[in-house]
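model_5.txt (compact mmCIF, C-alpha atoms and all ligand atoms) appears below.
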# COMPACT_ATOMS: atom_id res chain seq x y z
CA MET W 61 9.77 2.25 59.80
CA ALA W 62 13.25 1.05 60.65
CA LYS W 63 14.78 -1.31 63.15
CA LEU W 64 17.43 0.57 65.08
CA SER W 65 20.09 -0.51 67.53
CA GLU W 66 19.57 0.68 71.07
CA SER W 67 22.21 3.41 70.69
CA GLN W 68 20.75 4.56 67.34
CA PHE W 69 17.37 4.63 68.98
CA ASN W 70 18.61 6.73 71.89
CA THR W 71 20.36 9.14 69.52
CA LYS W 72 17.30 9.57 67.31
CA TYR W 73 14.88 10.00 70.20
CA PRO W 74 16.75 11.85 72.94
CA ARG W 75 13.69 13.62 74.28
CA VAL W 76 11.42 11.06 75.89
CA GLY W 77 9.34 12.70 78.60
CA PRO W 78 6.85 11.33 81.09
CA HIS W 79 3.62 10.06 79.60
CA LEU W 80 1.11 12.91 79.80
CA LEU W 81 -0.67 12.71 76.43
CA ASN W 82 -4.38 12.16 76.61
CA THR W 83 -4.86 9.00 74.58
CA SER W 84 -8.49 8.34 75.53
CA LEU W 85 -9.64 8.88 71.92
CA TRP W 86 -6.80 6.86 70.42
CA ASN W 87 -7.97 3.27 70.50
CA ASP W 88 -6.99 1.18 67.53
CA PHE W 89 -4.97 -1.83 66.47
CA PHE W 90 -1.42 -1.44 65.30
CA LYS W 91 0.94 -3.93 63.70
CA CYS W 92 3.82 -4.56 66.05
CA PRO W 93 7.17 -4.96 64.28
CA CYS W 94 8.77 -6.47 67.41
CA CYS W 95 6.65 -9.65 67.50
CA GLY W 96 4.75 -9.38 64.20
CA LYS W 97 1.33 -9.43 65.86
CA GLU W 98 -1.41 -6.86 66.02
CA HIS W 99 -1.92 -5.21 69.40
CA PHE W 100 -4.85 -3.13 70.53
CA PHE W 101 -3.78 0.23 71.90
CA SER W 102 -5.42 1.52 75.04
CA GLU W 103 -4.09 2.85 78.32
CA GLU W 104 -5.19 -0.43 79.96
CA THR W 105 -3.58 -2.86 77.51
CA ILE W 106 -0.37 -1.16 76.43
CA ASP W 107 2.62 -0.06 78.50
CA ILE W 108 3.54 3.48 77.53
CA ALA W 109 7.10 4.27 78.62
CA GLY W 110 6.92 7.96 77.74
CA ASP W 111 5.96 10.69 75.31
CA ILE W 112 8.03 12.03 72.42
CA PRO W 113 7.17 15.47 70.97
CA TRP W 114 4.37 15.67 68.38
CA ASN W 115 1.98 12.82 69.13
CA LYS W 116 4.58 10.10 69.51
CA MET W 117 4.90 7.62 72.33
CA LEU W 118 7.48 5.11 73.38
CA VAL W 119 5.50 1.89 73.67
CA LEU W 120 6.49 -1.57 74.89
CA CYS W 121 5.51 -4.70 73.00
CA PRO W 122 3.25 -6.70 75.36
CA GLU W 123 5.17 -9.85 74.35
CA HIS W 124 8.36 -8.21 75.70
CA LYS W 125 10.09 -8.35 72.32
CA GLY W 126 11.02 -4.69 72.07
CA VAL W 127 10.02 -1.05 72.20
CA MET W 128 8.70 1.11 69.39
CA VAL W 129 7.80 4.68 68.58
CA LEU W 130 4.09 4.81 67.97
CA TYR W 131 2.85 7.88 66.11
CA ALA W 132 -0.79 8.89 66.41
CA LYS W 133 -1.82 10.35 63.06
CA THR W 134 -4.25 13.25 63.23
CA PHE W 135 -5.77 15.67 60.76
CA LEU W 136 -4.36 19.14 61.54
CA GLY W 137 -3.95 18.08 65.15
CA PHE W 138 -7.56 16.91 65.47
CA GLY W 139 -9.37 13.72 64.63
CA PHE W 140 -7.51 10.49 65.18
CA LYS W 141 -6.44 8.78 61.93
CA GLY W 142 -4.80 5.65 63.30
CA PHE W 143 -1.32 4.64 64.38
CA GLU W 144 1.93 4.33 62.54
CA VAL W 145 5.04 2.67 63.97
CA LEU W 146 8.04 4.83 63.13
CA ASP W 147 11.01 2.95 64.56
CA TRP W 148 11.68 0.10 66.91
CA THR W 149 14.43 -1.72 68.72
CA GLU W 150 14.77 -5.11 70.36
CA LEU W 151 15.15 -5.35 74.11
ZN ZN O 1 4.36 -7.03 69.89
Starting from the coordinates I provided, produce the structure as structure tokens.
Ligand SMILES: [Zn+2]
Amino acid sequence: MAKLSESQFNTKYPRVGPHLLNTSLWNDFFKCPCCGKEHFFSEETIDIAGDIPWNKMLVLCPEHKGVMVLYAKTFLGFGFKGFEVLDWTEL
């Protein structure tokens, strides 16, 4: 996980599409690097700004401290194995 500047972030993740991933089976806590707290991920509690190819989402910190790339780990594409934050940037 790395903290990136906004321009580094945009360069590294140029392909953010509309949020279409089905995340109904992905409910878990993740450690937020933006505010240092744990947040619970669900469609109701977390603002998802968009999808990034291969199980990644652009997610907003609920405390409005930044945005991060949240990666949903799976086993061979099936079976949710928890979240990993890949990169983040301050807003
Ligand atoms: Zn946070």
Hey, can you pull every residue with an atom no more than 10 Å from (-6.0, -4.4, 71.1), using only C-alpha atoms, and send it as an mmCIF file with C-alpha atoms, in the frame of the given file?
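Written file, selection-v1.cif:
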data_model
loop_
_atom_site.group_PDB
_atom_site.id
_atom_site.type_symbol
_atom_site.label_atom_id
_atom_site.label_comp_id
_atom_site.auth_asym_id
_atom_site.auth_seq_id
_atom_site.Cartn_x
_atom_site.Cartn_y
_atom_site.Cartn_z
ATOM 1 C CA ASN W 87 -7.970 3.270 70.500
ATOM 2 C CA ASP W 88 -6.990 1.180 67.530
ATOM 3 C CA PHE W 89 -4.970 -1.830 66.470
ATOM 4 C CA PHE W 90 -1.420 -1.440 65.300
ATOM 5 C CA GLU W 98 -1.410 -6.860 66.020
ATOM 6 C CA HIS W 99 -1.920 -5.210 69.400
ATOM 7 C CA PHE W 100 -4.850 -3.130 70.530
ATOM 8 C CA PHE W 101 -3.780 0.230 71.900
ATOM 9 C CA SER W 102 -5.420 1.520 75.040
ATOM 10 C CA GLU W 104 -5.190 -0.430 79.960
ATOM 11 C CA THR W 105 -3.580 -2.860 77.510
ATOM 12 C CA ILE W 106 -0.370 -1.160 76.430
#
Taking every listed atom of segment 79-89 of chain W and adding 4 Å to each side, what centre and edge lengths in Å (one decimal) does the axis-aligned box have, as JSON?
{"center_x": -3.0, "center_y": 5.5, "center_z": 73.1, "size_x": 21.3, "size_y": 22.7, "size_z": 21.3}
### Message
Between W:Leu136, W:Val145, W:Ser84, W:Val129, which residue has the minimum interatomic distance to Ile112 of chain W, considering all atoms listed in the file?
### Response
W:Val129
#### Entry: Exercise answer, 9 Å around ligand ZN 1 (chain O) with only C-alpha atoms and all ligand atoms, as a PyMOL selection string
chain W and resi 91-99+120-127
#### Entry: From W:Gly137, W:Glu144, W:Thr149, W:Asp107, residue lying nearest Tyr73 of chain W [all atoms listed in the file]
W:Thr149
